[in-house]
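Quick notes on the structure that follows.
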Amino acid sequence: MTELAKLKNDAGPEASAPAGAAPRDKMTGPSLMGNDFGPADLQLLIDTIPALIHTSRPDGYLDYFNQRWLEYLGAPLENMEGWKWTGSIHPDDVEGIVNKWRACLATGEVFEHECRVRRADGEYRWMVHRKVPLRDGRGKIVKWYGSSLDIEDRKRTEQALEKAFRQIEVLKDQLYKDNIALREEVDKASMFEEIVGASPALQAVLGRTAKVAPTDSTVLITGETGTGKELVARAIHKRSPRSSRAFVSVNCAAIPKDLIASELFGHERGAFTGATQRRLGRFELADGGTIFLDEIGDLPADTQIALLRVLQEKEFERVGGNKPIPVDVRVIAATNHDLQADVASGVLRSDLFYRLNVFPLEIPPLRERKEDIGVLVQYFINRYASKAGKKFHGISANVLDVLKLYSWPGNIRELQNVIERSVIVCESGNFVVDESWLLRAPAESKSPSQSLAKRTSTEQRKMIEEALAETGGRVSGPSGAAAKLALPSTTLESKIRSLKINKYRFKTASPQM
């Protein structure tokens, strides 16, 4: 019995056409080719058409492959019948196609699935397989008819496009990183382009900087405001193996606490209201380079935990994400806080402090490097005079003496501002400085901050409370307690927290005139 006659007997005289096929009265009904077109001719047609045809019983047992299929597989029919066909499917695809086939057998739905099939020469090629059921007059499935189509070229095109899209995403992210870093480099006005000075205090710091720069060690830079901590951080980066990659600077105190995590680690789309698209954080922008975390003592507690994870495990998660992202970044942190006092008061995690304090560098205040003031003044005069189109004959010894006697609580940044202002207002070729711009010039050789540091906790509390009482509880500003004690306001705030002083109880008192 021929295969077609066998199919006819299986289906019965009342069998319906496969789903999606044109209706017909009988399997052997009239043909467009004429009444002399018999089963043998149809068999020949099926075996020679450039299509891969197969059939199966209602239970899924494959019982027929046309000649083109057998030639493709390089195997006789008996090697493919039943469920032996799964041996020609790529091992990674067998489970998927078998599960889909069994599900369609149970529901009677049309089967369609893509998988890789091994050709006679051993090459696996992608194919899309489609099977439709033939039902009898009562709706019972009596046969499944299937065809397969080689889609290898389409799959390769899809994979090439997918790879290209991935590469575009990588390039897009890298371009975003480079643009951000470049924009910050251009927009950021550095305190000065190079480190100026030859005092022993400064040279000691530069010597330690040269030793740590070639390593990957975490550096903690401490010092009063305006001493040039970021400048030292940039010097470390430029002398490190990472110098060709990005240097990303973040001022932790300048970012709202509820946004600092997103700024540092990025966020996924929909992570919070307003997060309309994925955003890369500063750590991703600095990958392969250096990240400078200024005012590290102002990080909120939850962000401290995330930063600790980066330092320990070299990975993080974006806000709203759950996928760890590995990162290779050198961390340089800076602060004008007393971090040990912050640890004692619970403001800073002790484990984070010890992770950051691998290689501490303390930048000396300007009052401890008086020898550099003359060189710095000349440097700033040249810088700003050139921009203003002015030329000065020189600096009188009297002006230098005034500048050297001043304690410079704002350090180099304050000196820079005073010189820039002087260049603007000077009309003649003689460079002068208005002494009224200097907050005060203490007569004593030691500043109050030096005196405060050497006092006991009880004495420190007394000095701070007296200053708060005189200023009506004001900490910052020209008339605040920090100015009276010649301390940065952030340092005084840290001292107040560590000594548990209630500064608000002085608010009711009127400052003494």
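Following the order of the structure tokens, first chain is A, next is B, and so on, with residues numbered from 1 inside each chain and ligands from 1 in the order they appear.
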Backbone DSSP call of alpha helix (DSSP H) for stretch 175-303 of chain A, listed as JSON, numbers by chain: {"A": [175, 176, 177, 178, 179, 180, 181, 182, 183, 184, 185, 186, 187, 200, 201, 202, 203, 204, 205, 206, 207, 208, 209, 210, 211, 212, 229, 230, 231, 232, 233, 234, 235, 236, 237, 238, 260, 261, 262, 263, 264, 265, 282, 283, 284, 285, 301, 302, 303]}
Just write the chosen residues, C-alpha atoms, as a compact mmCIF listing (two decimals), in the first residue's frame.
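That gives us result16.txt:
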# COMPACT_ATOMS: atom_id res chain seq x y z
CA LEU A 175 29.98 58.01 24.34
CA TYR A 176 27.67 59.15 27.13
CA LYS A 177 30.41 58.49 29.67
CA ASP A 178 33.03 60.31 27.62
CA ASN A 179 30.74 63.29 26.98
CA ILE A 180 29.85 63.65 30.66
CA ALA A 181 33.47 63.40 31.73
CA LEU A 182 34.60 65.84 29.01
CA ARG A 183 31.85 68.32 29.82
CA GLU A 184 32.76 68.25 33.49
CA GLU A 185 36.44 68.76 32.67
CA VAL A 186 35.59 71.76 30.46
CA ASP A 187 32.99 73.29 32.78
CA PRO A 200 58.46 71.81 53.45
CA ALA A 201 54.83 71.13 54.46
CA LEU A 202 53.69 71.01 50.83
CA GLN A 203 56.69 69.02 49.62
CA ALA A 204 56.02 66.36 52.28
CA VAL A 205 52.50 65.91 50.90
CA LEU A 206 53.73 65.78 47.30
CA GLY A 207 56.27 63.14 48.24
CA ARG A 208 53.54 60.90 49.66
CA THR A 209 51.37 61.66 46.63
CA ALA A 210 54.08 60.43 44.28
CA LYS A 211 54.36 57.17 46.21
CA VAL A 212 50.65 56.31 46.23
CA LYS A 229 42.14 68.58 47.97
CA GLU A 230 40.69 68.02 44.49
CA LEU A 231 43.89 69.31 42.93
CA VAL A 232 45.86 66.64 44.79
CA ALA A 233 43.29 64.01 43.75
CA ARG A 234 43.75 64.99 40.09
CA ALA A 235 47.51 64.82 40.50
CA ILE A 236 47.19 61.25 41.83
CA HIS A 237 45.01 60.30 38.86
CA LYS A 238 47.34 61.86 36.27
CA ILE A 260 22.76 60.97 45.85
CA ALA A 261 22.31 57.19 45.35
CA SER A 262 20.94 57.74 41.84
CA GLU A 263 23.76 60.17 41.07
CA LEU A 264 26.45 57.74 42.18
CA PHE A 265 25.00 54.42 41.01
CA ARG A 282 29.04 58.32 38.22
CA PHE A 283 30.65 54.97 39.10
CA GLU A 284 29.81 53.61 35.65
CA LEU A 285 31.12 56.79 34.05
CA ALA A 301 23.57 56.26 55.93
CA ASP A 302 21.95 54.13 53.19
CA THR A 303 24.37 55.42 50.56
For A:Leu299, please output as a short mmCIF file (atom, residue, chain, number, x, y, z; two decimals) with C-alpha atoms, in the first residue's frame all residues within 8 Å (counting only C-alpha atoms; exclusion window: fewer than 2 positions along the same chain).
data_model
loop_
_atom_site.label_atom_id
_atom_site.label_comp_id
_atom_site.auth_asym_id
_atom_site.auth_seq_id
_atom_site.Cartn_x
_atom_site.Cartn_y
_atom_site.Cartn_z
CA CYS A 252 28.53 64.64 47.97
CA ALA A 253 27.39 67.69 49.94
CA LYS A 257 20.26 63.29 49.98
CA ILE A 260 22.76 60.97 45.85
CA GLU A 295 32.75 65.91 51.21
CA ILE A 296 32.49 62.17 51.86
CA GLY A 297 31.35 62.84 55.42
CA ALA A 301 23.57 56.26 55.93
CA THR A 303 24.37 55.42 50.56
CA GLN A 304 27.28 54.67 52.89
#
Who sits within 8 Å of stretch 492-496 of chain A, only C-alpha atoms, same chain under 5 positions skipped, as a ChimeraX atom specification: /A:337-338,341-342,464,475,482,487,501-503
Contacts of A:Tyr504 within 12 Å, only C-alpha atoms, excl. fewer than 3 positions in-chain, as an NGL selection string: :A and (465 or 468-469 or 471-475 or 496 or 500-501 or 507-509)
Convert the current residue selection to file output with N, CA and C atoms, as a PDB file, in the first residue's frame.
ATOM      1  N   GLU A 465      30.902  76.569  73.269  1.00  0.00           N
ATOM      2  CA  GLU A 465      29.676  77.135  73.845  1.00  0.00           C
ATOM      3  C   GLU A 465      29.801  78.644  74.036  1.00  0.00           C
ATOM      4  N   LEU A 468      29.318  80.156  70.635  1.00  0.00           N
ATOM      5  CA  LEU A 468      27.905  80.079  70.243  1.00  0.00           C
ATOM      6  C   LEU A 468      27.074  81.105  71.003  1.00  0.00           C
ATOM      7  N   ALA A 469      27.418  81.305  72.269  1.00  0.00           N
ATOM      8  CA  ALA A 469      26.683  82.292  73.063  1.00  0.00           C
ATOM      9  C   ALA A 469      26.920  83.701  72.521  1.00  0.00           C
ATOM     10  N   THR A 471      27.542  84.507  69.455  1.00  0.00           N
ATOM     11  CA  THR A 471      26.963  84.672  68.111  1.00  0.00           C
ATOM     12  C   THR A 471      25.492  84.317  68.041  1.00  0.00           C
ATOM     13  N   GLY A 472      24.872  84.093  69.203  1.00  0.00           N
ATOM     14  CA  GLY A 472      23.449  83.764  69.215  1.00  0.00           C
ATOM     15  C   GLY A 472      23.147  82.437  68.551  1.00  0.00           C
ATOM     16  N   GLY A 473      24.073  81.498  68.636  1.00  0.00           N
ATOM     17  CA  GLY A 473      23.859  80.167  68.064  1.00  0.00           C
ATOM     18  C   GLY A 473      24.225  80.059  66.602  1.00  0.00           C
ATOM     19  N   ARG A 474      24.690  81.160  66.003  1.00  0.00           N
ATOM     20  CA  ARG A 474      25.065  81.114  64.585  1.00  0.00           C
ATOM     21  C   ARG A 474      26.420  80.405  64.448  1.00  0.00           C
ATOM     22  N   VAL A 475      26.495  79.455  63.505  1.00  0.00           N
ATOM     23  CA  VAL A 475      27.730  78.699  63.295  1.00  0.00           C
ATOM     24  C   VAL A 475      28.536  79.268  62.133  1.00  0.00           C
ATOM     25  N   ILE A 496      30.519  69.962  67.167  1.00  0.00           N
ATOM     26  CA  ILE A 496      29.297  70.151  67.959  1.00  0.00           C
ATOM     27  C   ILE A 496      28.554  68.830  68.100  1.00  0.00           C
ATOM     28  N   LYS A 500      28.131  66.555  71.459  1.00  0.00           N
ATOM     29  CA  LYS A 500      26.714  66.561  71.842  1.00  0.00           C
ATOM     30  C   LYS A 500      26.294  67.916  72.429  1.00  0.00           C
ATOM     31  N   ILE A 501      26.710  68.988  71.777  1.00  0.00           N
ATOM     32  CA  ILE A 501      26.326  70.344  72.188  1.00  0.00           C
ATOM     33  C   ILE A 501      25.026  70.715  71.492  1.00  0.00           C
ATOM     34  N   LYS A 507      20.065  80.029  70.553  1.00  0.00           N
ATOM     35  CA  LYS A 507      19.338  80.866  69.602  1.00  0.00           C
ATOM     36  C   LYS A 507      18.575  81.988  70.289  1.00  0.00           C
ATOM     37  N   THR A 508      18.145  81.765  71.526  1.00  0.00           N
ATOM     38  CA  THR A 508      17.349  82.781  72.228  1.00  0.00           C
ATOM     39  C   THR A 508      18.195  83.926  72.745  1.00  0.00           C
ATOM     40  N   ALA A 509      19.506  83.641  72.868  1.00  0.00           N
ATOM     41  CA  ALA A 509      20.386  84.694  73.392  1.00  0.00           C
ATOM     42  C   ALA A 509      20.772  85.645  72.276  1.00  0.00           C
TER      43      ALA A 509
END
Distance query stretch 147-161 of chain A at most 7 Å, only C-alpha atoms, self and fewer than 4 positions along chain excluded, as a PyMOL selection string: chain A and resi 52-54+125-131+165
Dump N, CA and C atoms for the selected residues as a PDB file, in the first residue's frame?
ATOM      1  N   LEU A  52       9.988  20.505   2.743  1.00  0.00           N
ATOM      2  CA  LEU A  52      10.206  19.392   3.666  1.00  0.00           C
ATOM      3  C   LEU A  52       8.872  19.058   4.326  1.00  0.00           C
ATOM      4  N   ILE A  53       8.305  17.883   3.924  1.00  0.00           N
ATOM      5  CA  ILE A  53       6.960  17.506   4.350  1.00  0.00           C
ATOM      6  C   ILE A  53       7.046  16.292   5.269  1.00  0.00           C
ATOM      7  N   HIS A  54       6.202  16.274   6.292  1.00  0.00           N
ATOM      8  CA  HIS A  54       6.125  15.113   7.171  1.00  0.00           C
ATOM      9  C   HIS A  54       4.715  14.997   7.732  1.00  0.00           C
ATOM     10  N   ARG A 125      21.106  23.736  11.254  1.00  0.00           N
ATOM     11  CA  ARG A 125      20.520  24.915  10.618  1.00  0.00           C
ATOM     12  C   ARG A 125      19.158  25.192  11.235  1.00  0.00           C
ATOM     13  N   TRP A 126      18.845  26.474  11.351  1.00  0.00           N
ATOM     14  CA  TRP A 126      17.562  26.871  11.929  1.00  0.00           C
ATOM     15  C   TRP A 126      16.422  26.572  10.949  1.00  0.00           C
ATOM     16  N   MET A 127      15.321  26.042  11.509  1.00  0.00           N
ATOM     17  CA  MET A 127      14.118  25.781  10.718  1.00  0.00           C
ATOM     18  C   MET A 127      12.891  26.186  11.525  1.00  0.00           C
ATOM     19  N   VAL A 128      11.852  26.568  10.782  1.00  0.00           N
ATOM     20  CA  VAL A 128      10.565  26.800  11.413  1.00  0.00           C
ATOM     21  C   VAL A 128       9.661  25.636  10.995  1.00  0.00           C
ATOM     22  N   HIS A 129       9.062  24.983  11.997  1.00  0.00           N
ATOM     23  CA  HIS A 129       8.226  23.798  11.768  1.00  0.00           C
ATOM     24  C   HIS A 129       6.769  24.166  12.042  1.00  0.00           C
ATOM     25  N   ARG A 130       5.884  23.739  11.142  1.00  0.00           N
ATOM     26  CA  ARG A 130       4.451  24.012  11.294  1.00  0.00           C
ATOM     27  C   ARG A 130       3.671  22.725  11.022  1.00  0.00           C
ATOM     28  N   LYS A 131       2.768  22.392  11.932  1.00  0.00           N
ATOM     29  CA  LYS A 131       1.921  21.214  11.785  1.00  0.00           C
ATOM     30  C   LYS A 131       0.462  21.624  11.985  1.00  0.00           C
ATOM     31  N   PHE A 165      23.131  45.839  17.471  1.00  0.00           N
ATOM     32  CA  PHE A 165      22.399  46.686  18.417  1.00  0.00           C
ATOM     33  C   PHE A 165      23.099  46.695  19.776  1.00  0.00           C
TER      34      PHE A 165
END
